[in-house]
file run_20.cif (mmCIF, C-alpha atoms)
data_entry
loop_
_atom_site.label_atom_id
_atom_site.label_comp_id
_atom_site.auth_asym_id
_atom_site.auth_seq_id
_atom_site.Cartn_x
_atom_site.Cartn_y
_atom_site.Cartn_z
CA MET A 1 0.00 0.00 0.00
CA ARG A 2 3.09 2.35 0.14
CA PRO A 3 2.70 3.64 -3.48
CA GLN A 4 -0.61 5.25 -2.46
CA ARG A 5 1.25 7.62 -0.09
CA ARG A 6 3.52 9.10 -2.82
CA GLY A 7 1.31 12.00 -3.73
CA PRO A 8 -2.16 13.50 -3.30
CA SER A 9 -3.40 12.06 -6.56
CA GLY A 10 -2.40 8.58 -5.48
CA VAL A 11 -4.21 8.98 -2.19
CA ARG A 12 -7.38 10.26 -3.81
CA HIS A 13 -7.44 7.38 -6.30
CA GLY A 14 -6.84 4.81 -3.58
CA LEU A 15 -9.75 6.15 -1.53
CA THR A 16 -12.03 6.07 -4.54
CA VAL A 17 -11.17 2.45 -5.31
CA PHE A 18 -11.72 1.46 -1.68
CA THR A 19 -14.99 3.34 -1.12
CA VAL A 20 -16.99 2.23 -4.19
CA PRO A 21 -16.89 -1.55 -3.49
CA ILE A 22 -17.86 -1.01 0.15
CA ALA A 23 -20.80 1.15 -0.93
CA ALA A 24 -21.83 -1.56 -3.38
CA ALA A 25 -21.64 -4.16 -0.64
CA SER A 26 -23.80 -2.03 1.63
CA LEU A 27 -26.43 -1.54 -1.06
CA ALA A 28 -26.51 -5.26 -1.86
CA ALA A 29 -26.90 -6.17 1.78
CA ALA A 30 -29.46 -3.47 2.58
CA PRO A 31 -32.61 -5.62 2.09
CA ALA A 32 -31.44 -7.95 4.87
CA PHE A 33 -31.93 -5.13 7.37
CA VAL A 34 -35.26 -3.78 6.07
CA ALA A 35 -36.99 -7.15 5.51
CA ALA A 36 -38.19 -7.66 9.08
CA PRO A 37 -39.84 -4.21 9.50
CA ALA A 38 -41.56 -4.59 6.10
CA ALA A 39 -42.93 -8.01 7.09
CA ALA A 40 -44.11 -6.60 10.39
CA ARG A 41 -45.94 -3.78 8.64
CA THR A 42 -47.62 -6.30 6.31
CA ARG A 43 -48.87 -8.39 9.22
CA ALA A 44 -50.06 -5.34 11.10
CA THR A 45 -52.11 -4.02 8.19
CA ALA A 46 -53.35 -7.38 6.82
CA PRO A 47 -57.15 -7.56 6.49
CA GLU A 48 -59.05 -9.74 8.90
CA PRO A 49 -59.77 -13.27 7.69
CA VAL A 50 -62.94 -13.97 5.74
CA GLY A 51 -65.73 -14.66 8.22
CA GLY A 52 -64.48 -12.55 11.11
CA PRO A 53 -61.41 -11.86 13.28
CA GLN A 54 -61.94 -14.81 15.65
CA LEU A 55 -61.36 -17.17 12.73
CA ALA A 56 -57.74 -16.05 12.50
CA THR A 57 -56.82 -18.51 15.25
CA ARG A 58 -54.64 -21.56 14.63
CA GLY A 59 -56.22 -23.19 17.69
CA ILE A 60 -59.79 -23.92 18.76
CA VAL A 61 -62.41 -21.19 19.00
CA ALA A 62 -65.98 -21.96 20.05
CA GLY A 63 -69.13 -20.21 21.17
CA LYS A 64 -70.15 -20.75 24.77
CA ALA A 65 -73.51 -21.03 26.52
CA PRO A 66 -74.76 -22.53 29.79
CA GLY A 67 -75.30 -26.24 29.48
CA VAL A 68 -73.40 -26.55 26.19
CA PRO A 69 -70.16 -28.53 26.56
CA ALA A 70 -66.93 -27.71 24.75
CA PRO A 71 -66.63 -29.04 21.18
CA PRO A 72 -65.58 -32.69 20.96
CA ARG A 73 -61.90 -33.50 20.83
CA ILE A 74 -60.95 -35.05 17.54
CA LYS A 75 -57.54 -35.79 16.06
CA ALA A 76 -57.70 -33.53 13.02
CA ALA A 77 -55.50 -30.58 12.13
CA SER A 78 -58.47 -28.41 11.26
CA TYR A 79 -62.26 -28.42 11.42
CA LEU A 80 -65.32 -26.18 11.27
CA ILE A 81 -68.92 -26.45 12.53
CA ALA A 82 -71.51 -24.00 11.20
CA ASP A 83 -75.24 -23.43 10.93
CA ALA A 84 -75.74 -23.80 7.18
CA ASP A 85 -79.07 -21.96 7.30
CA THR A 86 -77.80 -18.77 8.94
CA GLY A 87 -74.10 -19.07 8.08
CA GLN A 88 -73.09 -18.72 11.73
CA VAL A 89 -69.82 -20.47 12.55
CA LEU A 90 -70.28 -22.17 15.93
CA ALA A 91 -66.81 -23.62 16.45
CA ALA A 92 -63.60 -24.14 14.53
CA LYS A 93 -60.01 -25.23 14.76
CA ASP A 94 -57.49 -23.52 12.46
CA PRO A 95 -60.38 -22.74 10.08
CA HIS A 96 -58.25 -20.85 7.53
CA GLY A 97 -55.27 -23.19 7.71
CA ARG A 98 -54.35 -24.35 4.22
CA TYR A 99 -54.04 -28.09 3.72
CA LEU A 100 -54.07 -30.61 0.90
CA PRO A 101 -57.72 -31.31 0.01
CA ALA A 102 -57.54 -34.83 -1.43
CA SER A 103 -60.88 -35.74 -3.06
CA THR A 104 -62.89 -33.13 -1.17
CA LEU A 105 -61.66 -30.87 -3.98
CA LYS A 106 -64.18 -32.64 -6.21
CA THR A 107 -66.89 -30.64 -4.45
CA LEU A 108 -65.41 -27.56 -6.15
CA THR A 109 -65.10 -29.40 -9.49
CA ALA A 110 -68.82 -30.20 -9.34
CA LEU A 111 -69.78 -26.72 -8.12
CA THR A 112 -67.97 -25.27 -11.14
CA LEU A 113 -69.03 -27.72 -13.84
CA VAL A 114 -72.56 -28.87 -12.95
CA PRO A 115 -74.08 -25.55 -14.14
CA LYS A 116 -71.87 -25.46 -17.24
CA LEU A 117 -72.36 -28.94 -18.73
CA ASP A 118 -75.49 -30.50 -20.24
CA PRO A 119 -76.22 -33.64 -18.19
CA ASN A 120 -77.36 -35.48 -21.37
CA GLN A 121 -74.27 -34.59 -23.41
CA LEU A 122 -72.19 -37.58 -24.53
CA VAL A 123 -68.41 -37.37 -24.22
CA ARG A 124 -65.58 -39.75 -25.08
CA PRO A 125 -62.70 -39.85 -22.57
CA SER A 126 -59.10 -39.62 -23.68
CA GLN A 127 -56.70 -42.46 -22.99
CA LYS A 128 -54.91 -40.12 -20.56
CA ALA A 129 -58.13 -39.66 -18.59
CA CYS A 130 -58.68 -43.42 -18.45
CA ASP A 131 -55.13 -44.04 -17.21
CA VAL A 132 -55.20 -41.56 -14.30
CA GLU A 133 -53.95 -42.77 -10.91
CA GLY A 134 -56.08 -43.64 -7.90
CA THR A 135 -59.77 -44.52 -7.62
CA LYS A 136 -61.46 -44.99 -11.01
CA VAL A 137 -64.88 -45.94 -12.29
CA GLY A 138 -63.34 -47.77 -15.25
CA LEU A 139 -63.77 -45.55 -18.31
CA THR A 140 -62.69 -46.60 -21.78
CA PRO A 141 -62.06 -44.52 -24.93
CA LYS A 142 -64.23 -47.02 -26.79
CA MET A 143 -67.38 -45.51 -25.29
CA ARG A 144 -69.11 -42.18 -24.96
CA TYR A 145 -70.58 -41.37 -21.55
CA LYS A 146 -73.36 -39.08 -20.41
CA ILE A 147 -72.21 -36.12 -18.34
CA SER A 148 -74.71 -37.10 -15.64
CA ASP A 149 -73.14 -40.56 -15.33
CA LEU A 150 -69.71 -38.96 -14.94
CA PHE A 151 -70.97 -36.69 -12.15
CA HIS A 152 -72.45 -39.71 -10.38
CA ALA A 153 -69.07 -41.43 -10.55
CA LEU A 154 -67.29 -38.26 -9.43
CA LEU A 155 -69.34 -37.59 -6.30
CA MET A 156 -70.50 -41.08 -5.37
CA MET A 157 -67.29 -43.08 -5.70
CA SER A 158 -64.70 -40.32 -6.15
CA ALA A 159 -63.66 -41.45 -9.64
CA ASN A 160 -60.51 -39.65 -10.76
CA ASP A 161 -60.98 -40.71 -14.39
CA ALA A 162 -64.45 -39.14 -14.37
CA ALA A 163 -62.98 -35.89 -13.02
CA VAL A 164 -60.44 -35.63 -15.84
CA THR A 165 -63.06 -36.50 -18.47
CA LEU A 166 -65.39 -33.81 -17.14
CA ALA A 167 -62.51 -31.33 -17.34
CA GLU A 168 -61.91 -32.37 -20.95
CA ALA A 169 -65.61 -31.88 -21.71
CA ALA A 170 -65.48 -28.38 -20.19
CA GLY A 171 -62.72 -27.22 -22.53
CA GLY A 172 -59.59 -28.89 -21.21
CA MET A 173 -57.55 -29.00 -18.04
CA LYS A 174 -56.21 -25.45 -18.14
CA LYS A 175 -59.62 -23.90 -18.78
CA THR A 176 -61.29 -26.03 -16.11
CA LEU A 177 -58.72 -25.21 -13.44
CA GLY A 178 -59.06 -21.53 -14.30
CA ALA A 179 -62.83 -21.80 -13.91
CA MET A 180 -62.50 -23.68 -10.60
CA ASN A 181 -60.20 -21.07 -9.13
CA ALA A 182 -62.44 -18.27 -10.38
CA GLU A 183 -65.44 -19.96 -8.79
CA ALA A 184 -63.56 -20.31 -5.50
CA LYS A 185 -62.86 -16.59 -5.48
CA ARG A 186 -66.47 -15.80 -6.40
CA ILE A 187 -67.79 -17.54 -3.30
CA ASN A 188 -65.07 -16.09 -1.02
CA ALA A 189 -63.07 -19.33 -0.78
CA HIS A 190 -59.78 -17.45 -0.87
CA ASP A 191 -57.82 -20.22 0.86
CA THR A 192 -58.41 -22.51 -2.12
CA LEU A 193 -56.10 -23.16 -5.05
CA ALA A 194 -56.98 -26.02 -7.42
CA GLY A 195 -54.11 -27.68 -9.24
CA SER A 196 -56.18 -30.66 -10.40
CA PRO A 197 -59.87 -31.49 -10.89
CA ASN A 198 -59.67 -34.60 -8.70
CA GLY A 199 -57.55 -33.73 -5.65
CA LEU A 200 -54.60 -35.98 -6.43
CA ASP A 201 -51.40 -34.43 -5.11
CA LYS A 202 -48.06 -36.28 -5.07
CA ASP A 203 -49.01 -38.36 -8.13
CA LEU A 204 -49.31 -35.11 -10.08
CA GLY A 205 -46.29 -33.42 -8.52
CA LEU A 206 -48.51 -31.12 -6.44
CA SER A 207 -47.83 -29.97 -2.89
CA VAL A 208 -49.62 -27.73 -0.39
CA ARG A 209 -47.99 -24.77 -2.15
CA THR A 210 -49.65 -25.57 -5.46
CA GLN A 211 -52.95 -27.06 -4.30
CA HIS A 212 -54.72 -26.30 -1.06
CA THR A 213 -57.98 -25.49 0.67
CA SER A 214 -59.22 -24.94 4.23
CA ALA A 215 -61.97 -26.20 6.51
CA TYR A 216 -63.68 -22.82 6.11
CA ASP A 217 -63.58 -23.02 2.32
CA LEU A 218 -64.85 -26.60 2.18
CA ALA A 219 -67.92 -25.53 4.17
CA LEU A 220 -68.46 -22.59 1.80
CA ILE A 221 -68.13 -24.81 -1.27
CA LEU A 222 -70.49 -27.56 -0.10
CA ARG A 223 -73.05 -25.07 1.22
CA GLU A 224 -73.10 -23.29 -2.15
CA GLY A 225 -73.20 -26.54 -4.14
CA MET A 226 -76.10 -28.01 -2.20
CA LYS A 227 -78.29 -25.11 -3.37
CA ASN A 228 -78.25 -26.70 -6.85
CA PRO A 229 -80.79 -29.56 -7.20
CA GLN A 230 -78.60 -31.51 -9.65
CA TYR A 231 -75.56 -31.19 -7.41
CA ARG A 232 -77.61 -32.31 -4.42
CA ALA A 233 -78.98 -35.33 -6.31
CA TYR A 234 -75.49 -36.55 -7.18
CA MET A 235 -74.38 -36.09 -3.55
CA GLN A 236 -77.35 -38.03 -2.18
CA ALA A 237 -77.25 -40.96 -4.62
CA ILE A 238 -76.41 -44.28 -2.99
CA ASP A 239 -76.55 -46.68 -5.95
CA HIS A 240 -76.29 -46.01 -9.68
CA LYS A 241 -75.90 -48.20 -12.75
CA PHE A 242 -72.85 -47.03 -14.65
CA PRO A 243 -72.67 -47.73 -18.41
CA ALA A 244 -70.02 -50.01 -19.91
CA PRO A 245 -69.40 -51.92 -23.15
CA PRO A 246 -71.77 -54.90 -23.36
CA THR A 247 -70.55 -58.34 -22.42
CA LYS A 248 -70.71 -61.21 -24.94
CA LYS A 249 -73.85 -62.41 -23.26
CA GLU A 250 -75.43 -58.96 -23.49
CA ARG A 251 -74.42 -58.61 -27.14
CA LYS A 252 -76.11 -61.92 -27.94
CA LYS A 253 -79.27 -60.48 -26.44
CA GLY A 254 -78.95 -57.47 -28.71
CA LYS A 255 -77.84 -54.98 -26.06
CA LYS A 256 -75.52 -52.24 -27.29
CA VAL A 257 -74.65 -50.95 -23.82
CA GLY A 258 -73.98 -52.89 -20.68
CA GLY A 259 -73.19 -51.63 -17.24
CA TYR A 260 -72.47 -52.33 -13.60
CA PRO A 261 -73.57 -50.87 -10.25
CA ILE A 262 -71.54 -48.27 -8.42
CA HIS A 263 -72.05 -47.47 -4.74
CA THR A 264 -71.48 -44.36 -2.66
CA HIS A 265 -68.32 -43.90 -0.61
CA ASN A 266 -70.16 -41.70 1.90
CA ARG A 267 -70.71 -44.12 4.76
CA MET A 268 -72.99 -41.67 6.58
CA LEU A 269 -75.86 -41.72 4.08
CA PRO A 270 -79.07 -43.63 4.98
CA GLY A 271 -78.62 -47.39 5.08
CA GLU A 272 -74.82 -47.19 5.14
CA ARG A 273 -72.49 -48.56 7.80
CA HIS A 274 -72.16 -45.24 9.67
CA ALA A 275 -75.56 -43.78 8.72
CA TYR A 276 -76.22 -40.44 10.39
CA PRO A 277 -79.80 -39.24 10.94
CA GLY A 278 -80.62 -36.46 8.54
CA MET A 279 -77.46 -36.78 6.42
CA LEU A 280 -77.95 -34.72 3.23
CA GLY A 281 -74.67 -35.47 1.54
CA GLY A 282 -70.95 -35.11 1.81
CA LYS A 283 -67.59 -35.92 0.28
CA ASN A 284 -64.67 -37.79 1.74
CA GLY A 285 -61.07 -37.67 0.60
CA TYR A 286 -57.79 -39.42 1.27
CA THR A 287 -54.23 -39.39 0.05
CA ILE A 288 -51.12 -40.34 1.99
CA ALA A 289 -50.00 -36.71 2.03
CA ALA A 290 -53.41 -35.17 2.83
CA ARG A 291 -54.60 -37.91 5.19
CA GLN A 292 -58.36 -38.05 5.86
CA THR A 293 -60.55 -35.12 4.79
CA PHE A 294 -64.34 -34.75 4.87
CA VAL A 295 -67.15 -32.24 4.40
CA ALA A 296 -70.86 -32.91 4.98
CA GLU A 297 -74.28 -31.45 5.67
CA ALA A 298 -77.09 -32.90 7.79
CA ARG A 299 -80.60 -31.62 8.55
CA ARG A 300 -82.61 -32.35 11.69
CA GLY A 301 -85.48 -30.56 13.38
CA GLY A 302 -85.73 -28.06 10.55
CA HIS A 303 -82.09 -26.97 10.86
CA THR A 304 -79.00 -27.74 8.78
CA ILE A 305 -75.46 -28.10 10.10
CA VAL A 306 -72.39 -28.21 7.87
CA ILE A 307 -69.06 -29.59 9.11
CA SER A 308 -65.64 -30.04 7.56
CA LEU A 309 -62.43 -31.56 8.82
CA MET A 310 -58.92 -31.89 7.40
CA ARG A 311 -55.91 -34.06 8.04
CA ALA A 312 -57.63 -36.48 10.39
CA ASP A 313 -55.93 -39.62 11.65
CA GLN A 314 -58.75 -42.07 10.84
CA GLN A 315 -61.73 -42.66 8.58
CA PRO A 316 -63.76 -39.53 9.37
CA SER A 317 -67.34 -40.77 9.92
CA ALA A 318 -67.02 -41.04 13.72
CA TYR A 319 -65.41 -37.60 14.00
CA ALA A 320 -68.01 -36.08 11.66
CA ALA A 321 -70.86 -37.50 13.76
CA LYS A 322 -69.39 -35.91 16.91
CA LEU A 323 -69.04 -32.52 15.20
CA LEU A 324 -72.58 -32.70 13.82
CA ASP A 325 -74.04 -33.73 17.18
CA TRP A 326 -72.35 -30.79 18.87
CA GLY A 327 -73.52 -28.44 16.13
CA PHE A 328 -77.17 -29.43 16.53
CA ALA A 329 -76.91 -29.15 20.33
CA ALA A 330 -75.18 -25.74 20.22
CA ARG A 331 -77.12 -24.12 17.37
CA GLY A 332 -79.21 -21.20 18.57
CA LYS A 333 -77.60 -21.27 22.02
CA VAL A 334 -73.95 -20.34 21.70
CA GLN A 335 -72.62 -17.01 20.49
CA PRO A 336 -71.23 -17.46 16.95
CA VAL A 337 -67.50 -17.00 16.44
CA GLY A 338 -67.74 -16.03 12.79
CA THR A 339 -69.83 -16.42 9.67
CA LEU A 340 -69.84 -18.24 6.35
CA VAL A 341 -69.77 -15.26 4.02
CA PRO A 342 -72.16 -15.42 1.05
CA PRO A 343 -70.81 -14.72 -2.46
CA GLU A 344 -72.51 -11.33 -2.76
CA GLN A 345 -70.38 -10.04 0.13
CA ALA A 346 -67.11 -10.76 -1.64
CA GLU A 347 -66.23 -7.09 -1.97
CA LYS A 348 -67.01 -6.33 1.67
CA THR A 349 -64.70 -8.85 3.29
CA GLY A 350 -60.98 -9.01 3.83
CA LYS A 351 -59.53 -11.08 0.99
CA ARG A 352 -56.68 -13.53 1.15
CA ASP A 353 -55.10 -14.10 -2.21
CA SER A 354 -54.79 -17.67 -3.44
CA GLY A 355 -51.53 -18.32 -5.20
CA VAL A 356 -48.76 -20.77 -5.84
CA LEU A 357 -46.96 -19.36 -2.79
CA PRO A 358 -49.74 -18.95 -0.20
CA ASP A 359 -49.49 -16.80 2.92
CA ALA A 360 -50.05 -18.00 6.50
CA PRO A 361 -50.14 -20.66 7.83
CA LEU A 362 -47.26 -21.59 5.55
CA ALA A 363 -45.06 -19.31 7.64
CA SER A 364 -41.91 -20.88 6.25
CA ASP A 365 -42.41 -18.64 3.24
CA ASP A 366 -41.44 -15.60 5.33
CA SER A 367 -38.24 -17.20 6.60
CA SER A 368 -37.40 -18.32 3.07
CA ARG A 369 -37.69 -14.77 1.84
CA ARG A 370 -35.47 -13.53 4.68
CA ARG A 371 -32.85 -16.17 3.87
CA LEU A 372 -32.94 -15.07 0.26
CA LEU A 373 -32.45 -11.43 1.17
CA VAL A 374 -29.64 -12.15 3.62
CA GLY A 375 -28.02 -14.48 1.13
CA GLY A 376 -28.26 -11.82 -1.57
CA GLY A 377 -26.56 -9.28 0.71
CA ALA A 378 -23.76 -11.69 1.55
CA VAL A 379 -23.13 -12.47 -2.12
CA GLY A 380 -23.03 -8.74 -2.93
CA ALA A 381 -20.48 -8.09 -0.17
CA LEU A 382 -18.31 -10.99 -1.33
CA LEU A 383 -18.32 -9.70 -4.91
CA ALA A 384 -17.39 -6.21 -3.70
CA ILE A 385 -14.42 -7.51 -1.65
CA THR A 386 -13.23 -9.58 -4.61
CA ALA A 387 -13.37 -6.52 -6.88
CA LEU A 388 -11.39 -4.48 -4.32
CA PHE A 389 -8.70 -7.16 -4.13
CA VAL A 390 -8.34 -7.30 -7.93
CA VAL A 391 -8.10 -3.50 -8.30
CA LEU A 392 -5.53 -3.08 -5.50
CA ARG A 393 -3.44 -5.94 -6.86
CA ARG A 394 -3.47 -4.38 -10.33
CA ARG A 395 -2.48 -0.98 -8.88
CA ARG A 396 0.44 -2.53 -6.99
CA ARG A 397 1.73 -4.09 -10.22
CA LEU A 398 1.54 -0.71 -12.01
CA GLU A 399 3.47 1.03 -9.21
CA THR A 400 6.12 -1.70 -9.29
CA ALA A 401 6.46 -1.26 -13.07
CA ARG A 402 6.87 2.47 -12.68
CA GLN A 403 9.64 1.99 -10.11
CA GLY A 404 11.45 -0.38 -12.47
CA THR A 405 11.49 2.22 -15.30
CA GLY A 406 12.63 5.05 -13.04
CA ARG A 407 9.37 6.88 -13.27
#
call {"tool": "encode", "arguments": {"input": "run_20.cif", "output": "structure tokens"}}
result
Amino acid sequence: MRPQRRGPSGVRHGLTVFTVPIAAASLAAAPAFVAAPAAARTRATAPEPVGGPQLATRGIVAGKAPGVPAPPRIKAASYLIADADTGQVLAAKDPHGRYLPASTLKTLTALTLVPKLDPNQLVRPSQKACDVEGTKVGLTPKMRYKISDLFHALLMMSANDAAVTLAEAAGGMKKTLGAMNAEAKRINAHDTLAGSPNGLDKDLGLSVRTQHTSAYDLALILREGMKNPQYRAYMQAIDHKFPAPPTKKERKKGKKVGGYPIHTHNRMLPGERHAYPGMLGGKNGYTIAARQTFVAEARRGGHTIVISLMRADQQPSAYAAKLLDWGFAARGKVQPVGTLVPPEQAEKTGKRDSGVLPDAPLASDDSSRRRLLVGGGAVGALLAITALFVVLRRRRRLETARQGTGR
């Protein structure tokens, strides 16, 4: 560093070379220091969750009244109990927590497509639709199927091949997913992001970041769907004859179309193993990643209760019965903790954007962004120090050369 002390010009140049990289390093690292206050401001000014401020909890929130016990304890990550007639939420656990939906997502598929498709329209499935993973009704490209039969398969036995074929009939996968997500926003289901029409996740490369819903949204979706008579009929069907190519025996008898019976997967419908009095309809779901999910409505004594649960540890009928029982006992007695917001109030409520990178409760997103900012600052500082080293080394060589030539 001695050559820099030879004259004023040398000193000025040396200071300039030294100061610019440090300034660059400071600018590159700056976001690491401002990230936390910005995040805090965002949280402080975030709108209240759809349905009311009490539904922001990650724990259990429930209305209280004399003689009404606490909600039943069930091993599920999230649930909601509401009066479907008034929209009053009576109790909930992590109601806006975003989880994988599994086949409960088919309630949104049906809500979106039942009004759009002619039930008597005939459609031929693609080979891709027939080869989809998971539960299937057994479609073949050799046949054309009525839309109504596909909806029966979708909501009765959770047929993934029927879901894909319905999406194809509605204009293709991209158009259908766009319509599903638009419908979710229309009804205020802002925790919902559909990445498939059938709820499959790992098989399609989907995670909770790219496909999710909440207990609150499932209740909204089912409540809205059950207003449609066709939707309700598919949900309530217990047995249905599904068309198929005729067998040899049937062909000999002159039949052009055969078929076989399909049976509901909702074990709480009348006559089923876990029949629940007044059960109107519901949809179960299961994948290894999502675990057990369920949404259902029941009506007793002139009142309707809707329940939903997510990420349960066992087949959900027993848990659902406990939630429904508590809902009927508490309805009209306890103070509500929130409300199921109707579609027409979409502009009046706090909105939570659905996106590929959702906000809370996926709080790891915030820490990821902080790591990125800190990492970016560190890289900038390292580059600045490297540049300083190169410049000073080059300057030393020039000074040495000048000394060698007597300059």
call {"tool": "resolve_selection", "arguments": {"input": "run_20.cif", "expression": "the PyMOL selection byres ((chain A and resi 80-87) around 8)", "output": "compact mmCIF listing (two decimals) with C-alpha atoms, keeping the file's coordinate frame"}}
result
# COMPACT_ATOMS: atom_id res chain seq x y z
CA SER A 78 -58.47 -28.41 11.26
CA TYR A 79 -62.26 -28.42 11.42
CA GLN A 88 -73.09 -18.72 11.73
CA VAL A 89 -69.82 -20.47 12.55
CA LEU A 90 -70.28 -22.17 15.93
CA ALA A 91 -66.81 -23.62 16.45
CA ALA A 92 -63.60 -24.14 14.53
CA LYS A 93 -60.01 -25.23 14.76
CA PRO A 95 -60.38 -22.74 10.08
CA ALA A 215 -61.97 -26.20 6.51
CA TYR A 216 -63.68 -22.82 6.11
CA ALA A 219 -67.92 -25.53 4.17
CA ARG A 223 -73.05 -25.07 1.22
CA GLU A 297 -74.28 -31.45 5.67
CA HIS A 303 -82.09 -26.97 10.86
CA THR A 304 -79.00 -27.74 8.78
CA ILE A 305 -75.46 -28.10 10.10
CA VAL A 306 -72.39 -28.21 7.87
CA ILE A 307 -69.06 -29.59 9.11
CA SER A 308 -65.64 -30.04 7.56
CA LEU A 309 -62.43 -31.56 8.82
CA LEU A 323 -69.04 -32.52 15.20
CA LEU A 324 -72.58 -32.70 13.82
CA GLY A 327 -73.52 -28.44 16.13
CA ARG A 331 -77.12 -24.12 17.37
CA THR A 339 -69.83 -16.42 9.67
CA LEU A 340 -69.84 -18.24 6.35
CA VAL A 341 -69.77 -15.26 4.02
call {"tool": "atom_distance", "arguments": {"input": "run_20.cif", "atom1": "atom CA of Gln314 of chain A", "atom2": "atom CA of Val334 of chain A"}}
result
28.7 Å
call {"tool": "residues_around", "arguments": {"input": "run_20.cif", "residues": "Met279 of chain A", "least_positions_apart": "6", "cutoff": "8 Å", "atoms": "all atoms listed in the file", "output": "PyMOL selection string"}}
result
chain A and resi 268-270+296-299
call {"tool": "residues_around", "arguments": {"input": "run_20.cif", "residues": "segment 103-105 of chain A", "least_positions_apart": "6", "cutoff": "7 Å", "atoms": "all atoms listed in the file", "output": "ChimeraX atom specification"}}
result
/A:158,198-199,283-286,293-294
call {"tool": "closest_residue", "arguments": {"input": "run_20.cif", "among": "A:Pro261, A:Gly172, A:Pro245, A:Gly225", "to": "Leu280 of chain A", "atoms": "all atoms listed in the file"}}
result
A:Gly225
call {"tool": "resolve_selection", "arguments": {"input": "run_20.cif", "expression": "the PyMOL selection byres ((chain A and resi 116) around 12)", "output": "PyMOL selection string"}}
result
chain A and resi 109-115+117-119+121+147+166-167+169-171+176+179-180+183+230-231
call {"tool": "atom_distance", "arguments": {"input": "run_20.cif", "atom1": "atom CA of Gly138 of chain A", "atom2": "atom CA of Ser317 of chain A"}}
result
26.4 Å
call {"tool": "resolve_selection", "arguments": {"input": "run_20.cif", "expression": "the PyMOL selection byres ((chain A and resi 212) around 6)", "output": "MDAnalysis selection string"}}
result
chainID A and resid 98:101 192:193 208 211 213
